[in-house]
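Okay, structure first, notes after.
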Amino acid sequence: MAHWTEKEAFEALAEELEGKEIDVDWVEERLKAFQVETPSWGYRDSGTRFVVFHQPGAARNVHECIKDAAFVHRLTGACPSVALHIPWDRVEDFRALREEAEVQGIRIGAINPNLFQDPDYKFGSLTNARPEVRKKALEHIFECIEIMEQVRSDVLSLWFADGTDYPGQGDFRRRKGWMEEGLREVYGRLPKGARMLIEYKFFEPAFYHTDIPDWGTAYALALKLGPKAQVLVDTGHHPQGTNIEFLVAFLISEGKLGGFHFNDRKYADDDLTAGSAFPYQLFLIFHEIVSAELERMDLGLAYMIDQSHIAKPKVEAMVQTVDTLQQVYAKALLVDRVALSKAQAEGDVVGAEDVIREAFWMDVRPLLAQIRKELGAEPNPLEAYRKSGYLEKVAEERG
Ligand code: PSV
Ligand code: MN
């Protein structure tokens, strides 16, 4: 867009939309309503499996995470909540923490228990063969539920590192039974109006089997538990080549898609910024979401980011991610669905694909700039971040 004025770019987009059956007011309404949660751990120092790298200005505690998250919200107008990870973000007074977030214009979102860091969980948490470890894991989740009440969170995000490394190490069916038993107890304790989202991951840290390896397993568990249990799709948690947009559509149609952990990867669970490797896939995921929204389906999806920034500066990476998510959502909203249905009905494969691709190639940045202005945010949040001097300021404050 550099050699275009914003006005020219906007006119170009308007021209592209001419003759298409798109309700622009609805598109704008949806874009304004789009909100995505950022994770406290995305603002802290993180690392590879070999070393933790320090970044100047990285948040050192939950208070600084909240400050960074609030700044991302101020720039983008789309990130009014921050997810917490317990015990990393544990404080004495969670009610005070809730107020602290509110003063800064955001709220506390999903609570993530940590069921992988304690040495007792080496051989599993809820699926551990030792009953005292299963009990310890359960009690930690109960503590997280109490925290949810104190911060008024309505989402419990559950990711289990449980699995085994070698054939014979564990009894699959017994472990499945323990997992179900534990989850049932958690379900029974959920605060009023809250839901639990079950995340899956096909490997890592376990390398032979994982107790909740895929969306089908998470779906089966959520189905058994009841309506307050849904599946959490972390976009980096699938074997190569998995058709994520298909499973998203399936879960939506079953009312079992709870939300997303957005990130991207080239190989495994790399936690890179969303859309950095496969932007078209991300757009196709949103295409499925928009299809359902057009049918007035009540999705109530929890959009969350789950990234670990090592090569990129943390706050900047977050702002870039939000911009990417807004762009792919805008593109998905601009798919000419009348033309698509017609092409599908006529068996016009190239025509159908082209309708989709045309929307993908549209430059939606001027539209988003306008939306953000209306939201009182920055038309170009990344540029505004770079000019803000925020990183220099916090780097000095945080040492
Ligand atoms: C570990 O793989 C992980 O990235 C999962 O995606 C969780 O959601 C996240 O950590 C926070 O526990
Ligand atoms: Mn995740």
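Going by the structure tokens order, chains are called A, B, ..., each with residues numbered from 1, while ligands are numbered from 1 in the order shown.
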Members of range 37-250 of chain A assigned strand (DSSP E or B) by DSSP, as an MDAnalysis selection string: chainID A and resid 37:39 44 46:47 52:53 59 81:86 107:113 155:158 163:164 195:199 209:210 229:234
Same residues, N, CA and C atoms, saved as a short mmCIF file (atom, residue, chain, number, x, y, z; two decimals), in the first residue's frame:
data_model
loop_
_atom_site.label_atom_id
_atom_site.label_comp_id
_atom_site.auth_asym_id
_atom_site.auth_seq_id
_atom_site.Cartn_x
_atom_site.Cartn_y
_atom_site.Cartn_z
N GLU A 37 -8.07 -12.79 22.15
CA GLU A 37 -7.38 -12.69 23.45
C GLU A 37 -5.88 -12.94 23.28
N THR A 38 -5.08 -12.15 23.97
CA THR A 38 -3.64 -12.41 23.91
C THR A 38 -3.21 -13.15 25.19
N PRO A 39 -2.13 -13.93 25.11
CA PRO A 39 -1.72 -14.75 26.28
C PRO A 39 -0.63 -14.05 27.08
N ARG A 44 6.23 -12.74 27.96
CA ARG A 44 7.35 -13.06 28.85
C ARG A 44 8.50 -13.67 28.07
N SER A 46 10.83 -16.42 26.70
CA SER A 46 10.53 -17.81 26.35
C SER A 46 11.72 -18.38 25.60
N GLY A 47 11.61 -19.62 25.24
CA GLY A 47 12.78 -20.18 24.58
C GLY A 47 12.45 -21.40 23.75
N VAL A 52 16.36 -20.63 27.25
CA VAL A 52 15.42 -19.50 27.34
C VAL A 52 16.20 -18.24 26.98
N PHE A 53 15.65 -17.47 26.04
CA PHE A 53 16.33 -16.24 25.63
C PHE A 53 15.72 -15.04 26.35
N ALA A 59 8.09 -8.83 29.62
CA ALA A 59 7.38 -8.72 30.90
C ALA A 59 8.01 -9.68 31.91
N SER A 81 -8.91 -8.73 26.24
CA SER A 81 -8.69 -9.66 27.36
C SER A 81 -7.33 -10.33 27.24
N VAL A 82 -6.87 -10.81 28.40
CA VAL A 82 -5.57 -11.49 28.43
C VAL A 82 -5.74 -12.82 29.18
N ALA A 83 -5.18 -13.88 28.61
CA ALA A 83 -5.27 -15.20 29.24
C ALA A 83 -4.16 -15.35 30.27
N LEU A 84 -4.46 -16.03 31.36
CA LEU A 84 -3.44 -16.26 32.39
C LEU A 84 -3.05 -17.73 32.47
N HIS A 85 -1.84 -17.97 32.92
CA HIS A 85 -1.32 -19.33 33.09
C HIS A 85 -0.92 -19.47 34.55
N ILE A 86 -1.49 -20.47 35.21
CA ILE A 86 -1.22 -20.65 36.64
C ILE A 86 -0.32 -21.88 36.82
N ARG A 107 -9.69 -7.02 30.39
CA ARG A 107 -10.16 -7.94 31.44
C ARG A 107 -9.35 -9.23 31.36
N ILE A 108 -9.53 -10.07 32.37
CA ILE A 108 -8.82 -11.34 32.37
C ILE A 108 -9.68 -12.40 31.68
N GLY A 109 -9.06 -13.13 30.79
CA GLY A 109 -9.82 -14.10 30.00
C GLY A 109 -9.62 -15.52 30.50
N ALA A 110 -9.24 -16.40 29.60
CA ALA A 110 -9.14 -17.82 29.92
C ALA A 110 -8.08 -18.08 30.99
N ILE A 111 -8.39 -19.05 31.83
CA ILE A 111 -7.41 -19.49 32.83
C ILE A 111 -6.86 -20.85 32.36
N ASN A 112 -5.54 -20.91 32.32
CA ASN A 112 -4.83 -22.12 31.85
C ASN A 112 -4.08 -22.77 33.01
N PRO A 113 -4.56 -23.91 33.49
CA PRO A 113 -3.77 -24.63 34.51
C PRO A 113 -2.48 -25.14 33.88
N VAL A 155 -13.80 -19.07 30.87
CA VAL A 155 -13.18 -20.13 30.05
C VAL A 155 -12.03 -20.80 30.80
N LEU A 156 -12.12 -22.11 30.91
CA LEU A 156 -11.03 -22.91 31.45
C LEU A 156 -10.40 -23.63 30.27
N SER A 157 -9.14 -23.31 29.99
CA SER A 157 -8.45 -23.96 28.85
C SER A 157 -7.62 -25.11 29.37
N LEU A 158 -7.87 -26.29 28.86
CA LEU A 158 -7.16 -27.45 29.37
C LEU A 158 -6.26 -28.08 28.32
N GLY A 163 1.12 -38.38 28.19
CA GLY A 163 1.39 -39.32 27.11
C GLY A 163 2.54 -40.22 27.52
N THR A 164 2.97 -41.08 26.61
CA THR A 164 4.11 -41.95 26.93
C THR A 164 5.15 -41.89 25.82
N ARG A 195 -17.35 -22.44 30.64
CA ARG A 195 -17.17 -23.69 29.87
C ARG A 195 -15.71 -24.13 29.93
N MET A 196 -15.50 -25.40 29.68
CA MET A 196 -14.13 -25.92 29.63
C MET A 196 -13.79 -26.28 28.20
N LEU A 197 -12.62 -25.84 27.77
CA LEU A 197 -12.20 -26.12 26.40
C LEU A 197 -11.08 -27.15 26.44
N ILE A 198 -11.28 -28.22 25.71
CA ILE A 198 -10.30 -29.32 25.73
C ILE A 198 -9.39 -29.22 24.50
N GLU A 199 -8.12 -29.03 24.79
CA GLU A 199 -7.14 -28.88 23.71
C GLU A 199 -6.50 -30.24 23.43
N HIS A 209 2.86 -41.82 22.44
CA HIS A 209 1.42 -41.56 22.35
C HIS A 209 1.07 -40.37 23.24
N THR A 210 -0.01 -39.68 22.88
CA THR A 210 -0.53 -38.57 23.68
C THR A 210 -1.95 -38.96 24.07
N ALA A 229 -18.62 -28.48 27.77
CA ALA A 229 -17.29 -28.90 27.34
C ALA A 229 -17.22 -28.82 25.81
N GLN A 230 -16.17 -28.17 25.33
CA GLN A 230 -16.00 -28.02 23.88
C GLN A 230 -14.53 -28.23 23.51
N VAL A 231 -14.28 -28.23 22.21
CA VAL A 231 -12.93 -28.50 21.72
C VAL A 231 -12.19 -27.19 21.46
N LEU A 232 -10.93 -27.17 21.84
CA LEU A 232 -10.07 -26.02 21.57
C LEU A 232 -9.08 -26.41 20.47
N VAL A 233 -9.16 -25.69 19.35
CA VAL A 233 -8.28 -25.99 18.21
C VAL A 233 -7.06 -25.08 18.27
N ASP A 234 -5.92 -25.67 18.59
CA ASP A 234 -4.66 -24.93 18.51
C ASP A 234 -4.13 -25.22 17.11
#
What's around range 168-178 of chain A at 12 Å? Count only C-alpha atoms, leave out sequence neighbours fewer than 4 positions away in its own chain, and write the answer as a short mmCIF file (atom, residue, chain, number, x, y, z; two decimals) with N, CA, C and O atoms, in the first residue's frame.
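See part_16.cif below for the written result:
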data_model
loop_
_atom_site.label_atom_id
_atom_site.label_comp_id
_atom_site.auth_asym_id
_atom_site.auth_seq_id
_atom_site.Cartn_x
_atom_site.Cartn_y
_atom_site.Cartn_z
N PHE A 123 5.23 -38.49 34.45
CA PHE A 123 4.53 -39.61 33.83
C PHE A 123 3.03 -39.35 33.73
O PHE A 123 2.21 -40.26 33.79
N GLY A 124 2.68 -38.07 33.58
CA GLY A 124 1.27 -37.71 33.39
C GLY A 124 0.68 -36.98 34.56
O GLY A 124 1.21 -37.01 35.68
N SER A 125 -0.44 -36.31 34.30
CA SER A 125 -1.13 -35.57 35.37
C SER A 125 -2.42 -36.31 35.71
O SER A 125 -2.42 -37.20 36.55
N LEU A 126 -3.50 -36.03 34.99
CA LEU A 126 -4.75 -36.75 35.26
C LEU A 126 -4.68 -38.22 34.87
O LEU A 126 -5.50 -39.02 35.30
N THR A 127 -3.70 -38.57 34.05
CA THR A 127 -3.59 -39.98 33.64
C THR A 127 -2.43 -40.70 34.32
O THR A 127 -2.04 -41.79 33.91
N ASN A 128 -1.88 -40.06 35.34
CA ASN A 128 -0.75 -40.66 36.04
C ASN A 128 -1.19 -41.93 36.77
O ASN A 128 -2.28 -41.97 37.35
N ALA A 129 -0.34 -42.96 36.75
CA ALA A 129 -0.71 -44.22 37.39
C ALA A 129 -0.76 -44.06 38.92
O ALA A 129 -1.39 -44.87 39.61
N ARG A 130 -0.12 -43.01 39.44
CA ARG A 130 -0.13 -42.80 40.91
C ARG A 130 -1.34 -41.95 41.30
O ARG A 130 -1.46 -40.80 40.87
N PRO A 131 -2.23 -42.49 42.15
CA PRO A 131 -3.45 -41.74 42.49
C PRO A 131 -3.17 -40.39 43.13
O PRO A 131 -3.89 -39.43 42.90
N VAL A 133 -0.83 -38.33 42.44
CA VAL A 133 -0.49 -37.32 41.42
C VAL A 133 -1.77 -36.91 40.67
O VAL A 133 -1.98 -35.72 40.38
N ARG A 134 -2.64 -37.87 40.41
CA ARG A 134 -3.92 -37.52 39.75
C ARG A 134 -4.68 -36.54 40.64
O ARG A 134 -5.27 -35.57 40.16
N LYS A 135 -4.65 -36.80 41.95
CA LYS A 135 -5.36 -35.93 42.89
C LYS A 135 -4.73 -34.52 42.89
O LYS A 135 -5.43 -33.51 42.88
N ALA A 137 -3.14 -33.07 40.48
CA ALA A 137 -3.49 -32.39 39.23
C ALA A 137 -4.92 -31.84 39.31
O ALA A 137 -5.19 -30.71 38.91
N LEU A 138 -5.79 -32.66 39.85
CA LEU A 138 -7.19 -32.26 39.96
C LEU A 138 -7.32 -31.05 40.89
O LEU A 138 -8.04 -30.08 40.59
N ASP A 162 0.09 -35.07 28.92
CA ASP A 162 0.07 -36.50 29.24
C ASP A 162 0.28 -37.39 28.00
O ASP A 162 -0.35 -37.18 26.96
N GLY A 163 1.12 -38.38 28.19
CA GLY A 163 1.39 -39.32 27.11
C GLY A 163 2.54 -40.22 27.52
O GLY A 163 3.02 -40.15 28.67
N THR A 164 2.97 -41.08 26.61
CA THR A 164 4.11 -41.95 26.93
C THR A 164 5.15 -41.89 25.82
O THR A 164 4.85 -41.48 24.69
N GLY A 182 -11.27 -37.66 35.75
CA GLY A 182 -10.81 -36.34 36.19
C GLY A 182 -11.62 -35.24 35.54
O GLY A 182 -12.08 -34.31 36.21
N LEU A 183 -11.81 -35.35 34.24
CA LEU A 183 -12.53 -34.29 33.52
C LEU A 183 -13.97 -34.18 34.01
O LEU A 183 -14.53 -33.08 34.07
N ARG A 184 -14.55 -35.30 34.38
CA ARG A 184 -15.94 -35.27 34.87
C ARG A 184 -16.02 -34.47 36.17
O ARG A 184 -16.93 -33.69 36.38
N GLU A 185 -15.01 -34.65 37.02
CA GLU A 185 -14.99 -33.89 38.28
C GLU A 185 -14.82 -32.40 38.00
O GLU A 185 -15.43 -31.55 38.64
N ALA A 206 5.32 -35.88 24.82
CA ALA A 206 5.39 -37.34 24.69
C ALA A 206 5.62 -37.70 23.22
O ALA A 206 5.07 -37.05 22.33
N PHE A 207 6.38 -38.73 23.00
CA PHE A 207 6.76 -39.04 21.61
C PHE A 207 6.22 -40.36 21.08
O PHE A 207 6.39 -40.67 19.91
N TYR A 208 5.58 -41.15 21.96
CA TYR A 208 4.99 -42.40 21.45
C TYR A 208 3.49 -42.26 21.33
O TYR A 208 2.90 -42.51 20.29
N HIS A 209 2.86 -41.82 22.44
CA HIS A 209 1.42 -41.56 22.35
C HIS A 209 1.07 -40.37 23.24
O HIS A 209 1.79 -40.05 24.19
N THR A 210 -0.01 -39.68 22.88
CA THR A 210 -0.53 -38.57 23.68
C THR A 210 -1.95 -38.96 24.07
O THR A 210 -2.67 -39.54 23.25
N ASP A 211 -2.36 -38.64 25.30
CA ASP A 211 -3.68 -39.10 25.74
C ASP A 211 -4.85 -38.38 25.05
O ASP A 211 -5.92 -38.95 24.88
N ILE A 212 -4.64 -37.12 24.67
CA ILE A 212 -5.66 -36.43 23.83
C ILE A 212 -4.92 -35.95 22.58
O ILE A 212 -4.49 -34.79 22.50
N PRO A 213 -4.74 -36.84 21.60
CA PRO A 213 -3.87 -36.49 20.48
C PRO A 213 -4.55 -35.66 19.38
O PRO A 213 -3.87 -34.97 18.63
N THR A 217 -10.61 -37.17 19.46
CA THR A 217 -10.56 -37.61 20.86
C THR A 217 -11.12 -36.51 21.77
O THR A 217 -11.91 -36.78 22.68
N ALA A 218 -10.71 -35.27 21.50
CA ALA A 218 -11.21 -34.15 22.32
C ALA A 218 -12.73 -34.02 22.15
O ALA A 218 -13.46 -33.78 23.11
N ALA A 220 -14.85 -36.49 21.37
CA ALA A 220 -15.51 -37.60 22.06
C ALA A 220 -15.61 -37.31 23.56
O ALA A 220 -16.65 -37.55 24.19
N LEU A 221 -14.55 -36.77 24.12
CA LEU A 221 -14.57 -36.44 25.55
C LEU A 221 -15.58 -35.34 25.84
O LEU A 221 -16.38 -35.43 26.78
#
Given 9 Å and only C-alpha atoms and all ligand atoms, residues near ligand 2 as a VMD selection string: chain A and resid 157 to 159 199 to 201 232 to 237 260 to 263 271 304 to 307
Just to be explicit: take each residue in the selection above, keep N, CA and C atoms, and write the result as a tab-separated table (two decimals), in the first residue's frame.
chain	number	residue	atom	x	y	z
A	157	SER	N	-9.14	-23.31	29.99
A	157	SER	CA	-8.45	-23.96	28.85
A	157	SER	C	-7.62	-25.11	29.37
A	158	LEU	N	-7.87	-26.29	28.86
A	158	LEU	CA	-7.16	-27.45	29.37
A	158	LEU	C	-6.26	-28.08	28.32
A	159	TRP	N	-4.98	-28.02	28.57
A	159	TRP	CA	-4.04	-28.75	27.72
A	159	TRP	C	-3.22	-29.69	28.60
A	199	GLU	N	-8.12	-29.03	24.79
A	199	GLU	CA	-7.14	-28.88	23.71
A	199	GLU	C	-6.50	-30.24	23.43
A	200	TYR	N	-6.06	-30.43	22.22
A	200	TYR	CA	-5.40	-31.69	21.86
A	200	TYR	C	-4.05	-31.37	21.20
A	201	LYS	N	-3.20	-32.36	21.16
A	201	LYS	CA	-1.90	-32.18	20.49
A	201	LYS	C	-1.36	-33.57	20.20
A	232	LEU	N	-10.93	-27.17	21.84
A	232	LEU	CA	-10.07	-26.02	21.57
A	232	LEU	C	-9.08	-26.41	20.47
A	233	VAL	N	-9.16	-25.69	19.35
A	233	VAL	CA	-8.28	-25.99	18.21
A	233	VAL	C	-7.06	-25.08	18.27
A	234	ASP	N	-5.92	-25.67	18.59
A	234	ASP	CA	-4.66	-24.93	18.51
A	234	ASP	C	-4.13	-25.22	17.11
A	235	THR	N	-3.97	-24.16	16.31
A	235	THR	CA	-3.66	-24.39	14.88
A	235	THR	C	-2.31	-25.08	14.66
A	236	GLY	N	-1.46	-25.10	15.69
A	236	GLY	CA	-0.15	-25.75	15.51
A	236	GLY	C	-0.09	-27.18	15.99
A	237	HIS	N	-1.23	-27.75	16.36
A	237	HIS	CA	-1.21	-29.07	17.01
A	237	HIS	C	-1.67	-30.24	16.15
A	260	PHE	N	-10.17	-21.08	19.57
A	260	PHE	CA	-8.88	-21.31	18.91
A	260	PHE	C	-7.71	-20.83	19.75
A	261	HIS	N	-6.60	-21.49	19.55
A	261	HIS	CA	-5.31	-20.96	19.92
A	261	HIS	C	-4.61	-20.73	18.60
A	262	PHE	N	-4.49	-19.47	18.21
A	262	PHE	CA	-3.87	-19.18	16.93
A	262	PHE	C	-2.35	-19.10	17.05
A	263	ASN	N	-1.70	-19.69	16.07
A	263	ASN	CA	-0.26	-19.58	15.89
A	263	ASN	C	0.03	-20.26	14.56
A	271	ASP	N	4.81	-22.54	17.49
A	271	ASP	CA	4.29	-21.31	18.13
A	271	ASP	C	4.76	-20.03	17.47
A	304	MET	N	-8.28	-16.97	20.66
A	304	MET	CA	-7.12	-16.71	21.53
A	304	MET	C	-5.83	-16.91	20.72
A	305	ILE	N	-4.82	-16.20	21.13
A	305	ILE	CA	-3.50	-16.38	20.51
A	305	ILE	C	-2.67	-17.21	21.48
A	306	ASP	N	-1.93	-18.16	20.94
A	306	ASP	CA	-1.01	-18.95	21.78
A	306	ASP	C	0.32	-18.99	21.05
A	307	GLN	N	1.15	-18.01	21.32
A	307	GLN	CA	2.43	-17.92	20.62
A	307	GLN	C	3.56	-17.66	21.60
Residues flagged helix (DSSP H, G or I) by DSSP in range 307-369 of chain A, as number ranges by chain: A: 314-333, 337-345, 349-361, 365-369
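Across the model, the gap from CA of Ser308 in chain A to CA of Trp41 in chain A is 7.2 Å.
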From A:Ala377, A:Val350, A:Leu272, A:Ala311, residue lying nearest ligand 1 [only C-alpha atoms and all ligand atoms]: A:Leu272
Using only C-alpha atoms and all ligand atoms: which of A:Ala359, A:Ala14, A:Leu247, A:Ala161 has the shortest distance to ligand 1: A:Ala161
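Atom pair CA of Asp363 in chain A / CA of Leu13 in chain A has a distance of 6.8 Å (rounded to one decimal).
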